[in-house]
Structure formats: C-alpha cells, structure tokens
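Data first, discussion second: the structure below is written as structure tokens.
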Amino acid sequence: ARQSRAQSCAQCCGVPPSCHSQRCRAVADSVAVPSLPALPCRHMSNDDTLELTIKRLVRPVRGFPNPDFTFGDITPLLADGHAYSAVIDAFVERYKDAGLVAIAAPEARGFFFGCPVAAKLGIGFLPVRKMNQLPGDTHRSPIVAMDYGERCLEVHSDILPGGRTGKVAVIDDILATGGSALACCGILEQLGMHIHEVAAVYDYSAGKSALPGRGLLTEQGYSVFALAKFCDDRVEGKMLWWLERGTDDDVVLSPHIGKMNKQH
C-alpha cells in the first residue's frame with residue numbers, strides 16, 4: 001500500500017520531509033511491496049539500506065540478452081553518484097585491512113567496480129578478459145558455462161610488478177551461475193595468487209534460488225560475499241528477482257526482445 005511521505009521518511013531515516021531533496025521525496029512516495037521493506041531514502045547509511053538502494057537501482061529489462069531472460073541492468077546504479085560511491089566504499093572498507101596485492105574482475109561490468117576499488121586501496125587491478133582480447137602471454141581458462149552461454153577467459157601472465165603474487169579478491173557485478181567467477185579463480189591461481197574472496201554487488205544465487213553460483217563456489221572452498229541478495233527465501237526458487245524491488249510494472253521491455261544477443 002502507498003505510504004504517506006511522513007510515514008515513509010520516519011521509517012527510513014527520521015528526517016522530516018521538508019528537509020529532503022526532490023529526489024528523496026520521490027523515493028519516499030514510492031509504493032512499498034507487500035511483506036518487503038519500504039524503498040530506502042538516500043539519507044540512510046547502514047548495510048541494510050545499501051542493499052535496498054542497490055535493489056531499487058537494478059533495473060529489470062525483459063528480453064535481453066536472450067528472448068526469455070529478464071536482465072538486471074546496473075546502469076541506473078552507475079548513474080547515481082551517491083549510490084555508486086557507496087558501493088565502492090563498502091568494498092574498500094571490507095578489504096582495506098585484508099592484505100590484498102590486487103583486485104581482479106571479469107569484463108566488462110566487473111571493471112566498473114573492480115577498478116575503482118583497487119585504485120582506492122592503492123593496489124593493482126587485474127583485468128580478466130574474453131579470449132584473444134589481451135596482447136601478451138596469458139593464462140587461459142577452459143571453456144566454461146557462463147550466465148548467458150559458454151566463454152573462455154584470460155589474464156596476462158606475471159603482470160604485477162616484479163611478478164608479485166599474494167591475495168586477491170575477485171569482484172563482479174552479479175553472481176548467478178558462478179561460471180565466470182570460478183573461471184577467474186582458476187586462472188588467477190595459475191598465476192600463483194590466493195583467492196581471498198569472491199565478491200559481487202548483488203547475488204542471484206542466495207536463499208532458495210535455482211541458480212548454483214554461491215553453492216558452486218563454496219563447494220570449491222571459496223569465500224563468497226555480496227552487498228545485496230536477490231532470490232531470498234521468499235522467492236521459492238523462482239527467478240522472479242524483480243519482485244523483491246518492486247512489481248511487474250517496473251519491468252522494462254528491451255528493444256532487442258526476440259533477438260539473440262550472442263555478443264553479450
């Protein structure tokens with residue numbers, strides 16, 4: 001049910017509506033999903049609020065990259081400077097005392113998060129790319145099943161100064177099937193790296209989700225962390241993740257619907 005602005009603000013941060021920006025007032029006027037928390041106001045700053053903010057800003061787009069898929073579009077999150085910075089800061093806070101030598105991330109969306117985290121930590125960044133996209137000698141993964149098809153990933157050999165090795169964290173935008181993350185871990189270990197943790201902005205494989213990502217990685221001994229978890233225990237294994245952030249009315253139809261995007 002629609003909440004009054006005063007009620008919504010009181011629940012989210014206690015700041016009077018008159019003190020809110022136009023953006024915050026728009027959020028406060030949002031329609032709450034039954035049995036789920038009301039959408040957050042940007043004045044909130046704890047971990048629970050960051051998760052709600054991420055969910056609000058991941059836009060569901062139906063029909064991309066495959067006709068029967070509902071894609072989680074992170075560009076609204078990237079476009080919100082406050083939220084984007086909060087995501088980067090959360091990763092930095094988590095890893096600032098971890099003794100990492102580098103952050104690794106798979107292309108392309110993982111770069112949006114891995115690069116700024118590495119820069120803020122003052123450590124190296126290891127780009128993990130699709131096959132034949134790196135110019136030097138590489139370590140290459142086997143062909144593995146990824147979120148939208150099969151792919152082979154590569155990382156440059158001995159790229160850190162002095163051939164340095166040590167602990168790395170792998171950061172990506174999503175965790176779903178786990179194929180991409182597992183491939184990253186394998187080729188980084190070929191470099192002599194120790195995988196400190198696999199991290200994602202949001203996880204589609206938590207709770208009762210039918211997707212195997214989190215379970216696959218933990219079975220292989222990797223620690224897994226996510227700032228937000230879709231597919232919690234209320235979802236009952238169905239991939240209706242967007243209902244945790246709104247309603248079916250929020251789903252956008254892709255102009256590419258009906259086409260198979262093989263290059264994704």
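Following the order of the structure tokens, chains are lettered A, B, ..., residues in each are numbered from 1, and ligands are numbered from 1.
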
Could you list, with a cut-off of 12 Å and counting only C-alpha atoms, the residues of range 87-125 of chain A near range 188-194 of chain A, each shown with its nearest atom pair and the distance in Å rounded to one decimal, rows sorted by chain and ascending number, as CSV?
residue,atom,partner,partner_atom,distance
A:Gly99,CA,A:His194,CA,11.3
A:Leu100,CA,A:His194,CA,9.4
A:Val101,CA,A:Met193,CA,9.1
A:Ala102,CA,A:Met193,CA,9.4
A:Ile103,CA,A:Leu188,CA,10.7
A:Ala104,CA,A:Leu188,CA,8.4
A:Ala105,CA,A:Leu188,CA,10.6
A:Pro106,CA,A:Leu188,CA,11.4

Range 166-195 of chain A: residues DSSP assigns to strand (DSSP E or B), reported as a VMD selection string: chain A and resid 167 to 175 194 to 195

Two-atom distance - CA of Ile123 in chain A, CA of Asp158 in chain A (Å):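 The value is 15.3 Å.
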
Who sits within 12 Å of Asp248 in chain A, only C-alpha atoms, same chain under 3 positions skipped, as JSON, numbers by chain: {"A": [33, 59, 60, 61, 62, 70, 240, 241, 242, 243, 244, 245, 251, 252, 253]}

Between CA of Val168 in chain A and CA of His196 in chain A, distance in Å (one decimal):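 One can read the CA of Val168 in chain A to CA of His196 in chain A distance as 5.5 Å.
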
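Rounded to one decimal, CA of Pro255 in chain A and CA of Phe71 in chain A lie 12.8 Å from each other.
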
Contacts of Gly72 in chain A at 12 Å (only C-alpha atoms; same-chain gap of 4+ positions) as a ChimeraX atom specification: /A:54-65,76-77,109,147,173-176,201-204,230,239-242,245,250-252,254

Write a file of the just-selected residues containing N, CA, C and O atoms, as a tab-separated table (two decimals), in the first residue's frame.
chain	number	residue	atom	x	y	z
A	54	ILE	N	20.64	-0.71	-3.65
A	54	ILE	CA	21.09	-1.47	-4.81
A	54	ILE	C	19.90	-2.12	-5.50
A	54	ILE	O	19.77	-2.05	-6.73
A	55	LYS	N	19.01	-2.73	-4.73
A	55	LYS	CA	17.85	-3.38	-5.33
A	55	LYS	C	16.98	-2.38	-6.08
A	55	LYS	O	16.47	-2.67	-7.17
A	56	ARG	N	16.81	-1.21	-5.50
A	56	ARG	CA	15.98	-0.19	-6.16
A	56	ARG	C	16.57	0.25	-7.49
A	56	ARG	O	15.84	0.57	-8.43
A	57	LEU	N	17.92	0.25	-7.58
A	57	LEU	CA	18.57	0.81	-8.75
A	57	LEU	C	18.97	-0.24	-9.79
A	57	LEU	O	19.51	0.12	-10.84
A	58	VAL	N	18.76	-1.52	-9.52
A	58	VAL	CA	18.98	-2.55	-10.53
A	58	VAL	C	17.68	-2.69	-11.33
A	58	VAL	O	16.68	-3.17	-10.82
A	59	ARG	N	17.71	-2.25	-12.57
A	59	ARG	CA	16.50	-2.18	-13.39
A	59	ARG	C	16.26	-3.49	-14.13
A	59	ARG	O	17.14	-3.98	-14.84
A	60	PRO	N	15.07	-4.09	-13.99
A	60	PRO	CA	14.77	-5.32	-14.73
A	60	PRO	C	14.38	-5.02	-16.18
A	60	PRO	O	13.48	-4.22	-16.45
A	61	VAL	N	15.08	-5.66	-17.12
A	61	VAL	CA	14.81	-5.46	-18.55
A	61	VAL	C	14.52	-6.83	-19.17
A	61	VAL	O	15.41	-7.69	-19.23
A	62	ARG	N	13.32	-7.01	-19.63
A	62	ARG	CA	12.90	-8.32	-20.16
A	62	ARG	C	13.26	-8.44	-21.64
A	62	ARG	O	13.11	-7.51	-22.41
A	63	GLY	N	13.78	-9.63	-22.01
A	63	GLY	CA	14.10	-9.90	-23.41
A	63	GLY	C	15.53	-9.62	-23.78
A	63	GLY	O	15.87	-9.58	-24.96
A	64	PHE	N	16.43	-9.44	-22.79
A	64	PHE	CA	17.84	-9.18	-23.07
A	64	PHE	C	18.68	-9.96	-22.05
A	64	PHE	O	18.34	-9.96	-20.87
A	65	PRO	N	19.79	-10.60	-22.45
A	65	PRO	CA	20.31	-10.71	-23.81
A	65	PRO	C	19.60	-11.79	-24.64
A	65	PRO	O	19.82	-11.88	-25.84
A	76	PRO	N	21.48	2.23	-14.06
A	76	PRO	CA	20.92	3.23	-13.13
A	76	PRO	C	21.74	3.35	-11.86
A	76	PRO	O	21.84	4.46	-11.29
A	77	LEU	N	22.32	2.26	-11.38
A	77	LEU	CA	23.20	2.33	-10.21
A	77	LEU	C	24.45	3.14	-10.51
A	77	LEU	O	24.88	3.99	-9.72
A	109	ARG	N	31.37	-5.72	-17.03
A	109	ARG	CA	30.74	-4.99	-15.93
A	109	ARG	C	31.53	-5.08	-14.63
A	109	ARG	O	31.45	-4.18	-13.79
A	147	ASP	N	26.86	-17.17	-17.47
A	147	ASP	CA	25.48	-16.80	-17.23
A	147	ASP	C	24.64	-16.83	-18.50
A	147	ASP	O	23.46	-17.14	-18.46
A	173	ASP	N	29.80	-7.69	-10.97
A	173	ASP	CA	28.52	-7.05	-10.66
A	173	ASP	C	27.52	-8.04	-10.11
A	173	ASP	O	26.81	-7.74	-9.16
A	174	ILE	N	27.44	-9.25	-10.70
A	174	ILE	CA	26.44	-10.22	-10.25
A	174	ILE	C	27.09	-11.57	-10.00
A	174	ILE	O	28.16	-11.88	-10.53
A	175	LEU	N	26.41	-12.37	-9.20
A	175	LEU	CA	26.74	-13.78	-9.05
A	175	LEU	C	25.47	-14.55	-9.38
A	175	LEU	O	24.44	-14.37	-8.73
A	176	ALA	N	25.54	-15.39	-10.40
A	176	ALA	CA	24.37	-16.15	-10.84
A	176	ALA	C	24.74	-17.63	-10.96
A	176	ALA	O	24.59	-18.40	-10.02
A	201	VAL	N	28.27	-7.31	-6.39
A	201	VAL	CA	27.36	-6.26	-5.94
A	201	VAL	C	26.03	-6.88	-5.54
A	201	VAL	O	25.47	-6.57	-4.49
A	202	TYR	N	25.51	-7.79	-6.37
A	202	TYR	CA	24.28	-8.48	-5.98
A	202	TYR	C	24.32	-9.93	-6.43
A	202	TYR	O	24.94	-10.28	-7.43
A	203	ASP	N	23.68	-10.76	-5.62
A	203	ASP	CA	23.75	-12.21	-5.76
A	203	ASP	C	22.37	-12.75	-6.10
A	203	ASP	O	21.41	-12.57	-5.34
A	204	TYR	N	22.27	-13.41	-7.26
A	204	TYR	CA	21.02	-14.05	-7.66
A	204	TYR	C	20.92	-15.49	-7.15
A	204	TYR	O	19.92	-16.17	-7.39
A	230	PHE	N	19.38	-10.93	-4.12
A	230	PHE	CA	18.07	-11.21	-4.66
A	230	PHE	C	17.78	-12.69	-4.41
A	230	PHE	O	18.66	-13.44	-3.99
A	239	MET	N	12.93	-17.54	-10.57
A	239	MET	CA	13.70	-16.36	-10.95
A	239	MET	C	12.76	-15.19	-11.20
A	239	MET	O	12.53	-14.75	-12.32
A	240	LEU	N	12.16	-14.70	-10.12
A	240	LEU	CA	11.30	-13.52	-10.16
A	240	LEU	C	11.93	-12.44	-9.30
A	240	LEU	O	11.27	-11.79	-8.50
A	241	TRP	N	13.24	-12.25	-9.48
A	241	TRP	CA	14.01	-11.40	-8.58
A	241	TRP	C	13.49	-9.98	-8.51
A	241	TRP	O	13.60	-9.32	-7.48
A	242	TRP	N	12.90	-9.48	-9.60
A	242	TRP	CA	12.47	-8.08	-9.63
A	242	TRP	C	11.32	-7.81	-8.66
A	242	TRP	O	11.09	-6.67	-8.29
A	245	ARG	N	12.14	-5.87	-5.51
A	245	ARG	CA	12.44	-4.44	-5.58
A	245	ARG	C	11.25	-3.62	-6.06
A	245	ARG	O	11.31	-2.40	-6.08
A	250	ASP	N	7.37	-2.55	-13.03
A	250	ASP	CA	8.70	-1.95	-13.12
A	250	ASP	C	9.53	-2.55	-14.25
A	250	ASP	O	10.58	-2.01	-14.60
A	251	VAL	N	9.12	-3.68	-14.78
A	251	VAL	CA	9.91	-4.37	-15.80
A	251	VAL	C	9.83	-3.62	-17.12
A	251	VAL	O	8.75	-3.28	-17.61
A	252	VAL	N	11.01	-3.35	-17.69
A	252	VAL	CA	11.12	-2.65	-18.97
A	252	VAL	C	11.32	-3.68	-20.08
A	252	VAL	O	12.06	-4.65	-19.91
A	254	SER	N	12.94	-4.76	-23.48
A	254	SER	CA	14.09	-4.39	-24.29
A	254	SER	C	13.69	-4.19	-25.74
A	254	SER	O	12.88	-4.95	-26.28

Distance criterion (only C-alpha atoms): nearest to Ile74 in chain A out of A:Cys185, A:Val87, A:Lys130, A:Cys152: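 Answer, going by the shortest atom-to-atom distance: A:Val87.
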
Pick from A:Ser141, A:Glu51, A:His256, A:Pro212 nearest to Ala226 in chain A, counting only C-alpha atoms: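 Ranking A:Ser141, A:Glu51, A:His256, A:Pro212 by distance to Ala226 in chain A, first place goes to A:Glu51.
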
Residues within 8 Å of range 180-182 of chain A, only C-alpha atoms, excluding chain neighbours under 2 positions, as a list of chain:residue names: A:Pro106, A:Val144, A:Ala145, A:Met146, A:Asp147, A:Val170, A:Asp172, A:Leu175, A:Thr177, A:Gly178, A:Cys184, A:Cys185, A:Gly186, A:Val198, A:Leu217
